[in-house]
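Colleague: What follows is protein-v7.txt; its format and atoms are compact mmCIF, C-alpha atoms.
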# COMPACT_ATOMS: atom_id res chain seq x y z
CA MET H 5 90.18 137.14 109.65
CA ARG H 6 91.22 134.41 107.24
CA ASP H 7 87.64 133.40 106.47
CA ARG H 8 86.62 137.04 106.04
CA LEU H 9 89.31 137.58 103.40
CA LEU H 10 88.23 134.38 101.66
CA GLY H 11 84.59 135.47 101.70
CA LEU H 12 83.57 132.51 103.84
CA PRO H 13 80.80 132.68 106.45
CA ALA H 14 82.09 133.03 109.99
CA GLY H 15 80.30 131.20 112.79
CA ASP H 16 82.06 133.05 115.58
CA VAL H 17 84.39 135.91 116.46
CA ASP H 18 87.78 135.41 118.14
CA LEU H 19 89.09 138.29 120.24
CA VAL H 20 92.33 138.65 122.20
CA CYS H 21 92.75 141.25 124.92
CA GLU H 22 94.67 141.83 128.14
CA ASP H 23 91.91 141.01 130.63
CA ALA H 24 89.85 138.45 128.72
CA LEU H 25 87.69 137.27 131.61
CA SER H 26 86.59 140.76 132.66
CA VAL H 27 85.83 141.75 129.07
CA ALA H 28 83.91 138.51 128.50
CA GLU H 29 81.81 139.10 131.63
CA GLU H 30 81.04 142.64 130.51
CA VAL H 31 80.06 141.58 126.98
CA ALA H 32 77.88 138.75 128.31
CA ALA H 33 76.12 141.13 130.71
CA GLN H 34 75.46 143.70 127.97
CA LYS H 35 74.02 141.10 125.61
CA GLY H 36 72.23 139.02 128.24
CA ALA H 37 74.27 136.11 126.93
CA ALA H 38 75.70 132.97 128.49
CA LEU H 39 79.36 132.82 129.47
CA VAL H 40 81.24 129.53 129.18
CA SER H 41 84.79 129.23 130.52
CA PHE H 42 87.37 126.85 129.04
CA THR H 43 90.18 126.82 131.56
CA LYS H 44 91.42 123.25 131.39
CA LYS H 45 94.63 124.52 129.78
CA GLU H 46 96.05 127.04 132.20
CA ASP H 47 98.36 128.59 129.62
CA SER H 48 95.56 129.21 127.07
CA PRO H 49 92.17 129.80 128.73
CA CYS H 50 89.23 130.87 126.60
CA PHE H 51 85.94 132.53 127.54
CA ARG H 52 82.99 132.06 125.20
CA VAL H 53 80.00 134.38 125.04
CA VAL H 54 76.97 132.69 123.48
CA GLU H 55 73.83 134.69 122.67
CA ARG H 56 70.72 132.88 123.83
CA LYS H 57 68.67 133.97 120.82
CA HIS H 58 71.45 133.01 118.38
CA PRO H 59 73.23 129.96 119.85
CA GLY H 60 74.99 129.31 116.53
CA PHE H 61 77.02 132.51 116.95
CA SER H 62 79.61 133.04 119.68
CA ILE H 63 82.43 135.34 120.71
CA ASP H 64 85.61 133.73 122.05
CA LEU H 65 87.87 135.92 124.17
CA SER H 66 91.42 134.84 125.03
CA PRO H 67 94.23 136.54 126.95
CA LEU H 68 96.85 138.31 124.85
CA LYS H 69 100.04 136.23 124.73
CA GLY H 70 103.53 137.70 124.78
CA GLY H 71 102.55 141.18 125.83
CA ASP H 72 101.41 142.53 122.45
CA ILE H 73 99.45 141.48 119.37
CA PHE H 74 102.60 140.88 117.30
CA SER H 75 103.98 138.37 119.82
CA ASP H 76 100.55 136.76 120.03
CA LEU H 77 100.33 136.32 116.25
CA ALA H 78 103.91 135.02 116.09
CA ALA H 79 102.83 132.06 118.24
CA ARG H 80 100.19 130.99 115.68
CA ASP H 81 100.69 128.07 113.32
CA PHE H 82 100.39 129.47 109.78
CA THR H 83 100.54 132.94 108.29
CA VAL H 84 96.92 132.77 107.09
CA ASN H 85 95.91 132.27 110.73
CA ALA H 86 98.24 134.98 112.03
CA MET H 87 96.19 138.01 111.04
CA ALA H 88 93.96 140.26 113.12
CA LEU H 89 91.71 143.29 112.89
CA GLN H 90 91.98 146.04 115.45
CA VAL H 91 88.65 146.64 117.19
CA THR H 92 87.56 150.11 118.17
CA GLU H 93 85.88 150.94 121.47
CA ASP H 94 82.47 150.75 119.80
CA LEU H 95 83.38 147.26 118.48
CA ARG H 96 83.89 148.40 114.89
CA PRO H 97 86.66 146.82 112.77
CA GLY H 98 89.84 148.86 112.47
CA ASN H 99 93.16 148.30 110.68
CA LEU H 100 94.48 144.93 109.54
CA VAL H 101 97.42 143.58 111.54
CA ASP H 102 99.33 141.20 109.27
CA PRO H 103 102.99 140.87 110.29
CA PHE H 104 103.62 137.66 108.28
CA ASP H 105 101.78 138.68 105.07
CA GLY H 106 99.08 136.08 105.52
CA SER H 107 96.81 138.07 103.19
CA GLY H 108 99.45 137.81 100.47
CA ASP H 109 99.71 134.07 101.00
CA LEU H 110 95.93 133.77 100.69
CA GLU H 111 96.07 135.57 97.36
CA GLN H 112 98.72 133.09 96.20
CA ARG H 113 96.73 130.17 97.68
CA LEU H 114 99.75 129.28 99.82
CA LEU H 115 99.96 127.73 103.30
CA ARG H 116 103.15 128.82 105.07
CA MET H 117 104.36 128.37 108.65
CA THR H 118 104.80 131.50 110.71
CA THR H 119 108.21 130.46 112.08
CA PRO H 120 110.47 127.39 111.78
CA GLU H 121 109.52 126.53 115.38
CA ALA H 122 105.81 126.16 114.53
CA PHE H 123 105.88 122.36 114.23
CA ARG H 124 108.31 121.86 117.09
CA ASN H 125 106.03 123.83 119.39
CA ASP H 126 103.11 121.60 118.45
CA PRO H 127 103.70 118.64 116.08
CA LEU H 128 99.92 118.25 115.60
CA ARG H 129 100.22 121.25 113.26
CA ILE H 130 101.68 118.86 110.68
CA PHE H 131 98.27 117.21 110.29
CA ARG H 132 96.57 120.57 110.65
CA ALA H 133 98.56 121.84 107.66
CA PHE H 134 97.10 119.15 105.43
CA ARG H 135 93.63 119.74 106.85
CA PHE H 136 93.79 123.47 106.04
CA ALA H 137 95.25 122.73 102.60
CA ALA H 138 92.32 120.41 101.90
CA SER H 139 89.52 122.60 103.28
CA LEU H 140 90.80 125.92 101.92
CA GLY H 141 92.31 124.71 98.66
CA LEU H 142 95.84 125.87 99.51
CA GLU H 143 99.25 124.59 98.42
CA ILE H 144 101.68 123.88 101.26
CA GLU H 145 104.85 125.91 100.77
CA SER H 146 107.94 123.80 100.08
CA ARG H 147 109.92 124.99 103.12
CA THR H 148 106.90 124.36 105.33
CA LEU H 149 106.59 120.86 103.91
CA ALA H 150 110.30 120.21 104.47
CA GLU H 151 110.07 121.39 108.08
CA ALA H 152 107.04 119.13 108.62
CA GLN H 153 109.15 116.21 107.42
CA ARG H 154 111.96 117.11 109.83
CA CYS H 155 109.51 117.25 112.75
CA ALA H 156 107.32 114.25 111.86
CA GLY H 157 109.01 112.01 114.43
CA LEU H 158 107.75 114.27 117.21
CA LEU H 159 104.21 113.07 116.50
CA THR H 160 104.88 109.89 118.46
CA LYS H 161 104.30 111.88 121.65
CA THR H 162 101.18 113.71 120.45
CA ALA H 163 97.89 112.66 122.05
CA GLY H 164 95.89 110.28 119.88
CA GLU H 165 92.61 112.09 120.55
CA ARG H 166 93.99 115.28 119.02
CA ILE H 167 95.26 113.48 115.92
CA LEU H 168 91.95 111.66 115.52
CA ALA H 169 90.07 114.97 115.51
CA GLU H 170 92.38 116.42 112.83
CA LEU H 171 92.17 113.32 110.62
CA LYS H 172 88.38 113.33 110.83
CA MET H 173 88.26 116.95 109.64
CA PHE H 174 90.83 116.15 106.92
CA PHE H 175 88.87 113.19 105.56
CA ILE H 176 85.60 115.13 105.50
CA GLU H 177 86.89 116.72 102.30
CA LYS H 178 86.17 114.77 99.12
CA HIS H 179 89.49 114.94 97.26
CA VAL H 180 92.43 114.43 99.61
CA SER H 181 94.34 111.53 98.05
CA SER H 182 97.12 113.70 96.58
CA LEU H 183 97.54 115.51 99.90
CA ALA H 184 97.50 112.18 101.73
CA ARG H 185 100.43 111.01 99.59
CA LYS H 186 102.36 114.13 100.57
CA MET H 187 101.39 113.55 104.19
CA THR H 188 102.79 110.02 103.97
CA ALA H 189 105.95 111.33 102.30
CA THR H 190 106.65 113.59 105.28
CA GLY H 191 106.76 110.53 107.54
CA ALA H 192 103.75 111.71 109.58
CA VAL H 193 101.73 108.57 108.87
CA HIS H 194 104.63 106.24 109.63
CA ALA H 195 105.20 108.07 112.90
CA LEU H 196 101.67 107.04 113.86
CA PHE H 197 101.59 103.58 112.32
CA PRO H 198 105.14 102.15 112.01
CA ARG H 199 105.88 99.92 109.05
CA ASN H 200 106.91 97.08 111.35
CA VAL H 201 103.45 96.56 112.86
CA GLU H 202 103.40 92.84 113.61
CA THR H 203 100.59 90.72 112.25
CA LYS H 204 99.96 87.18 113.45
CA GLU H 205 97.39 86.45 110.77
CA GLU H 206 97.74 85.96 107.04
CA ALA H 207 97.42 89.42 105.55
CA GLY H 208 96.56 88.35 102.04
CA PRO H 209 98.47 89.79 99.09
CA ARG H 210 100.40 92.86 100.19
CA VAL H 211 100.09 95.97 98.06
CA LYS H 212 102.87 98.37 97.17
CA PRO H 213 102.77 101.45 99.42
CA GLU H 214 101.80 104.69 97.65
CA SER H 215 99.59 102.62 95.32
CA ARG H 216 96.78 105.19 95.14
CA ILE H 217 94.16 103.07 96.88
CA LEU H 218 92.75 106.17 98.58
CA ALA H 219 92.32 107.82 95.19
CA CYS H 220 90.38 104.78 93.96
CA VAL H 221 88.26 104.80 97.13
CA GLU H 222 87.39 108.47 96.60
CA ASN H 223 86.38 107.73 93.02
CA LEU H 224 84.11 104.86 94.11
CA LEU H 225 82.52 107.06 96.78
CA GLU H 226 81.63 109.57 94.08
CA HIS H 227 80.53 106.87 91.63
CA PRO H 228 79.02 104.07 93.77
CA GLU H 229 77.23 102.68 90.72
CA GLU H 230 80.57 101.27 89.57
CA ILE H 231 80.36 98.70 92.34
CA PHE H 232 76.79 98.68 93.65
CA GLY H 233 74.85 99.20 90.41
CA ASP H 234 71.09 99.36 91.02
CA PHE H 235 71.70 99.20 94.78
CA SER H 236 73.82 102.38 94.90
CA ALA H 237 71.21 104.40 96.79
CA VAL H 238 70.86 101.70 99.45
CA ALA H 239 74.62 101.35 99.83
CA THR H 240 75.13 105.11 100.06
CA GLY H 241 72.40 105.41 102.69
CA ILE H 242 74.13 102.77 104.80
CA PHE H 243 77.57 104.22 104.29
CA ASP H 244 76.65 107.78 105.18
CA GLN H 245 75.86 106.72 108.76
CA GLU H 246 78.18 107.17 111.72
CA ASP H 247 81.92 107.34 110.92
CA ARG H 248 82.06 104.85 108.06
CA ARG H 249 83.52 107.23 105.44
CA PHE H 250 86.25 108.38 107.80
CA LEU H 251 87.19 104.82 108.77
CA LEU H 252 87.22 103.66 105.15
CA LYS H 253 89.62 106.46 104.22
CA THR H 254 91.73 105.65 107.26
CA ALA H 255 91.94 102.04 106.09
CA ALA H 256 92.98 103.22 102.61
CA LEU H 257 95.63 105.44 104.19
CA LEU H 258 97.01 102.40 106.05
CA LEU H 259 97.14 100.42 102.83
CA ASP H 260 98.81 103.24 100.91
CA SER H 261 101.42 103.75 103.62
CA LEU H 262 101.97 100.28 105.14
CA GLY H 263 100.79 98.04 102.32
CA VAL H 264 98.63 95.94 104.65
CA PHE H 265 95.30 96.24 106.47
CA THR H 266 94.30 93.44 108.83
CA ALA H 267 92.36 93.16 112.07
CA GLU H 268 95.64 93.59 113.94
CA THR H 269 96.78 96.70 112.07
CA ALA H 270 93.26 98.07 112.53
CA ALA H 271 93.50 97.43 116.28
CA ALA H 272 96.91 99.13 116.42
CA ALA H 273 95.57 102.18 114.56
CA ALA H 274 92.49 102.36 116.78
CA GLU H 275 94.65 102.15 119.90
CA ARG H 276 97.05 104.85 118.71
CA LEU H 277 94.22 107.24 117.82
CA CYS H 278 92.30 106.49 121.04
CA MET H 279 89.16 105.66 119.08
CA PRO H 280 85.89 105.12 120.97
CA ARG H 281 84.81 101.50 121.40
CA LYS H 282 82.16 101.56 118.67
CA MET H 283 84.56 103.10 116.17
CA ARG H 284 87.18 100.47 117.00
CA GLU H 285 84.69 97.69 116.38
CA THR H 286 83.65 99.20 113.06
CA LEU H 287 87.27 99.40 111.89
CA ARG H 288 87.89 95.80 113.01
CA ARG H 289 84.89 94.52 111.04
CA LEU H 290 85.98 96.51 108.01
CA ALA H 291 89.41 94.89 108.21
CA SER H 292 87.90 91.40 108.53
CA GLY H 293 85.65 91.98 105.52
CA TYR H 294 88.50 93.35 103.42
CA HIS H 295 90.80 90.48 104.40
CA PHE H 296 88.13 87.98 103.39
CA LEU H 297 87.46 89.62 100.02
CA VAL H 298 91.10 89.94 98.94
CA GLY H 299 92.15 86.61 100.42
CA LYS H 300 89.57 84.35 98.74
CA GLY H 301 89.10 83.73 95.05
CA ASN H 302 85.41 82.95 95.56
CA THR H 303 83.54 85.86 97.13
CA ARG H 304 80.00 84.82 96.30
CA SER H 305 77.78 85.86 99.18
CA THR H 306 75.43 82.94 98.52
CA ASP H 307 78.00 80.28 99.40
CA ARG H 308 77.05 78.61 102.70
CA GLU H 309 80.58 78.81 104.08
CA ASN H 310 80.57 82.60 103.64
CA LEU H 311 77.18 83.34 105.18
CA GLU H 312 78.32 83.40 108.79
CA LEU H 313 81.10 85.85 107.99
CA TYR H 314 78.70 88.16 106.15
CA ARG H 315 76.25 88.02 109.05
CA ARG H 316 78.98 88.73 111.60
CA ILE H 317 80.43 91.71 109.71
CA GLY H 318 77.05 93.11 108.71
CA ASP H 319 76.90 96.50 107.00
CA GLU H 320 80.64 97.05 107.35
CA MET H 321 80.79 94.79 104.28
CA ILE H 322 79.76 97.86 102.25
CA GLY H 323 83.06 99.54 103.09
CA ALA H 324 84.91 96.24 102.61
CA PHE H 325 83.51 95.93 99.08
CA ILE H 326 84.69 99.46 98.25
CA LEU H 327 88.14 98.94 99.76
CA ALA H 328 88.67 95.57 98.08
CA LYS H 329 87.64 96.89 94.66
CA ALA H 330 89.81 99.99 95.11
CA SER H 331 92.74 97.74 96.02
CA ALA H 332 92.21 95.65 92.89
CA GLU H 333 92.00 98.77 90.72
CA ALA H 334 95.11 100.33 92.28
CA LYS H 335 97.11 97.16 91.61
CA SER H 336 95.89 97.16 87.98
CA LEU H 337 94.67 93.59 88.26
CA SER H 338 92.42 91.94 85.69
CA LYS H 339 88.73 92.76 85.75
CA ALA H 340 87.87 89.40 87.32
CA PRO H 341 88.36 90.40 91.00
CA GLY H 342 86.30 93.54 90.51
CA ILE H 343 83.48 91.57 88.89
CA ARG H 344 83.46 89.00 91.73
CA ILE H 345 83.35 91.76 94.33
CA LYS H 346 80.54 93.54 92.49
CA ASN H 347 78.51 90.32 92.31
CA ALA H 348 79.10 89.69 96.02
CA ALA H 349 77.95 93.23 96.83
CA ALA H 350 74.76 92.70 94.81
CA GLY H 351 74.11 89.39 96.59
CA TYR H 352 74.47 91.01 100.00
CA LEU H 353 72.30 94.04 99.24
CA SER H 354 69.63 92.25 97.20
CA GLY H 355 68.79 89.54 99.70
CA LEU H 356 71.18 88.66 102.48
CA ARG H 357 71.00 91.96 104.32
CA ASP H 358 67.24 91.66 104.68
CA ALA H 359 67.43 87.94 105.50
CA PHE H 360 69.92 88.57 108.29
CA SER H 361 67.46 90.92 109.99
CA HIS H 362 64.91 88.12 110.49
CA PRO H 363 65.07 86.08 113.71
CA PRO H 364 65.97 82.39 113.40
CA LEU H 365 63.03 80.06 112.75
CA ILE H 366 64.08 77.55 115.41
CA SER H 367 66.25 77.53 118.54
CA GLY H 368 68.28 75.06 120.56
CA SER H 369 65.30 74.34 122.82
CA ASP H 370 63.34 73.23 119.75
CA LEU H 371 66.04 70.71 118.94
CA LEU H 372 66.14 69.44 122.52
CA SER H 373 62.37 68.91 122.40
CA LEU H 374 62.90 66.76 119.30
CA GLY H 375 65.11 64.48 121.39
CA ILE H 376 68.44 65.69 120.04
CA PRO H 377 70.92 65.43 122.94
CA PRO H 378 72.92 68.48 124.04
CA GLY H 379 76.30 68.81 122.37
CA PRO H 380 78.14 70.11 119.30
CA ALA H 381 75.58 68.56 116.98
CA ILE H 382 72.94 71.10 118.03
CA GLY H 383 75.16 74.02 117.02
CA LYS H 384 75.96 72.46 113.65
CA ILE H 385 72.30 71.77 112.90
CA LEU H 386 71.22 75.28 113.91
CA SER H 387 73.95 76.77 111.73
CA HIS H 388 72.87 74.65 108.75
CA VAL H 389 69.19 75.53 109.23
CA ARG H 390 70.03 79.23 109.61
CA ALA H 391 72.00 79.16 106.35
CA ALA H 392 69.04 77.52 104.62
CA GLN H 393 66.79 80.25 106.03
CA ASP H 394 69.12 83.01 104.80
CA LEU H 395 69.16 81.47 101.32
CA GLY H 396 65.38 81.15 101.23
CA GLU H 397 65.45 77.36 101.19
CA VAL H 398 63.20 77.23 104.26
CA SER H 399 60.70 79.95 105.11
CA THR H 400 58.48 78.54 107.86
CA ARG H 401 59.03 77.07 111.29
CA GLN H 402 57.63 73.72 110.16
CA ASP H 403 60.07 73.59 107.22
CA ALA H 404 62.95 74.40 109.55
CA ILE H 405 61.99 71.63 111.99
CA ARG H 406 61.68 69.08 109.16
CA LEU H 407 65.15 70.06 107.90
CA ALA H 408 66.56 69.74 111.42
CA GLN H 409 65.04 66.27 111.77
CA ALA H 410 66.49 65.21 108.43
CA LEU H 411 69.93 66.49 109.43
CA CYS H 412 69.71 64.69 112.76
CA LEU H 413 68.75 61.43 111.03
CA GLN H 414 71.57 61.88 108.55
CA ALA H 415 74.08 62.39 111.34
CA SER H 416 72.97 59.24 113.15
CA GLN H 417 73.38 56.98 110.11
As structure tokens, please, write out the structure in this file.
Modeller:
Amino acid sequence: MRDRLLGLPAGDVDLVCEDALSVAEEVAAQKGAALVSFTKKEDSPCFRVVERKHPGFSIDLSPLKGGDIFSDLAARDFTVNAMALQVTEDLRPGNLVDPFDGSGDLEQRLLRMTTPEAFRNDPLRIFRAFRFAASLGLEIESRTLAEAQRCAGLLTKTAGERILAELKMFFIEKHVSSLARKMTATGAVHALFPRNVETKEEAGPRVKPESRILACVENLLEHPEEIFGDFSAVATGIFDQEDRRFLLKTAALLLDSLGVFTAETAAAAAERLCMPRKMRETLRRLASGYHFLVGKGNTRSTDRENLELYRRIGDEMIGAFILAKASAEAKSLSKAPGIRIKNAAAGYLSGLRDAFSHPPLISGSDLLSLGIPPGPAIGKILSHVRAAQDLGEVSTRQDAIRLAQALCLQASQ
């Protein structure tokens, strides 16, 4: 009903009735459609009718809660979601049922809780409030915001998977930094990621919480040329894959709320949100890249000592460049850090990324065949030769072997 009043396309129809399963079976039979049952939650089963010719459209039927439609709507989260249309026997729309004036709130662009118990009944609705505010362009009513703050501590017992899904939908929107600051102010973020997260590693310069790093990140995502220049299209193509945008914004949220983002805080966040393994690894690499960029004065990607780190982090360096530059901008530092980060980004995208994709010119067995005994020396020589290959100093197998021989001779003298 909400989307209909807003003039938005609806991908499905939600119906509530007394005998949902029987009605769903009858509708599916009439339409020759598939019937899918969602009964994992015994207190809120749902039966979905999916037309075979139009799989993008579905009808969800749920049992009426509380004995009547008014009790059912009273259990919803927000007034804009607590509206319904009566349906006639021939499935035509009837009168609007709107006991909480959700239509009036839509006209005022307001998001308001149905009852003061809304967040206590399900604390996840705190994050859902900000997600709806972002996607629908609504302002969260002051009393609703105050109640969210009172209930934020209850989020500690909310399943991480559910919170992860809400945050992903929240961060899909382009401009959420102002809402994210309000979210942090309610205590919702700190309930997930406490300020006293321990870090055993050097975190680099801490930033002041609420420092608008997320706002700077959003600006750089819209204007990638400010950091990637002529390589903006390449960087954007890399960054639009998988969950990189979501994880970058999550990292910015951590910085804006905790003031620190390290591999350990990344691991704590990933654990709390029950992230899949690949997503956890991506966030860890992003943290390592960011820590390197803000913790070193020299970020030139062509320095030999930095090559191994760039190779290990790979394309997550794209997000690290954005986050590090956003951090520098938010702290109103001089232009020097931003220029160094921009130069490092150009070095990675213009040559190193392609060089890293090439297999090494020689291996340990090659060194053994040259008479170099097994031991730490082999690893050091291979690392040196690989760095020379990445920098274009050697380009053939023969050149690599000659360099290895020279290094071996040098080590023996």
Colleague: Just give me the gap between atom CA of Phe174 of chain H and atom CA of Val20 of chain H in Å, one decimal is fine.
Modeller: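 Atom CA of Val20 of chain H lies at a distance of 27.2 Å from atom CA of Phe174 of chain H.
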Colleague: Can you tell me how far atom CA of Met87 of chain H sits from atom CA of Val101 of chain H, in Å to one decimal?
Modeller: 5.7 Å
Colleague: Go through H:Gln90, H:Thr400, H:Thr43, H:Asn223 and flag the residue nearest Leu327 of chain H, using all atoms listed in the file for the distances.
Modeller: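 Counting all atoms listed in the file, the residue closest to Leu327 of chain H is H:Asn223.
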Colleague: Between atom CA of Ser399 of chain H and atom CA of Glu320 of chain H, what distance in Å does the model show, to one decimal?
Modeller: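 So the answer is 26.4 Å.
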Colleague: Tell me which protein, DNA and RNA residues are within 12 Å of Pro67 of chain H, counting only C-alpha atoms, leaving out same-chain ones fewer than 3 positions away, and put them as a ChimeraX atom specification.
Modeller: /H:18-28,43,46-51,64,70-73,76
Colleague: Hey, which of H:Leu372, H:Ala359, H:Ile317, H:Leu257 ends up closest to Met187 of chain H? Count all atoms listed in the file.
Modeller: H:Leu257
Colleague: Which neighbours of Ala273 of chain H fall inside 10 Å, counting all atoms listed in the file, when residues of the same chain fewer than 4 positions from it are skipped, and could you give them as a compact mmCIF listing (two decimals) with C-alpha atoms, in the frame of the given file?
Modeller:
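Final output, saved to part39.txt:
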# COMPACT_ATOMS: atom_id res chain seq x y z
CA GLY H 164 95.89 110.28 119.88
CA LEU H 196 101.67 107.04 113.86
CA PHE H 197 101.59 103.58 112.32
CA PRO H 198 105.14 102.15 112.01
CA VAL H 201 103.45 96.56 112.86
CA THR H 254 91.73 105.65 107.26
CA ALA H 255 91.94 102.04 106.09
CA LEU H 258 97.01 102.40 106.05
CA ALA H 267 92.36 93.16 112.07
CA GLU H 268 95.64 93.59 113.94
CA THR H 269 96.78 96.70 112.07
CA LEU H 277 94.22 107.24 117.82
CA CYS H 278 92.30 106.49 121.04
CA MET H 279 89.16 105.66 119.08
CA ARG H 284 87.18 100.47 117.00
CA LEU H 287 87.27 99.40 111.89
Colleague: Taking all atoms listed in the file into account, name the residue in H:Ala38, H:Pro364, H:Leu110, H:Ala328 that is nearest to Pro341 of chain H.
Modeller: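 The answer is H:Ala328, which sits nearest to Pro341 of chain H.
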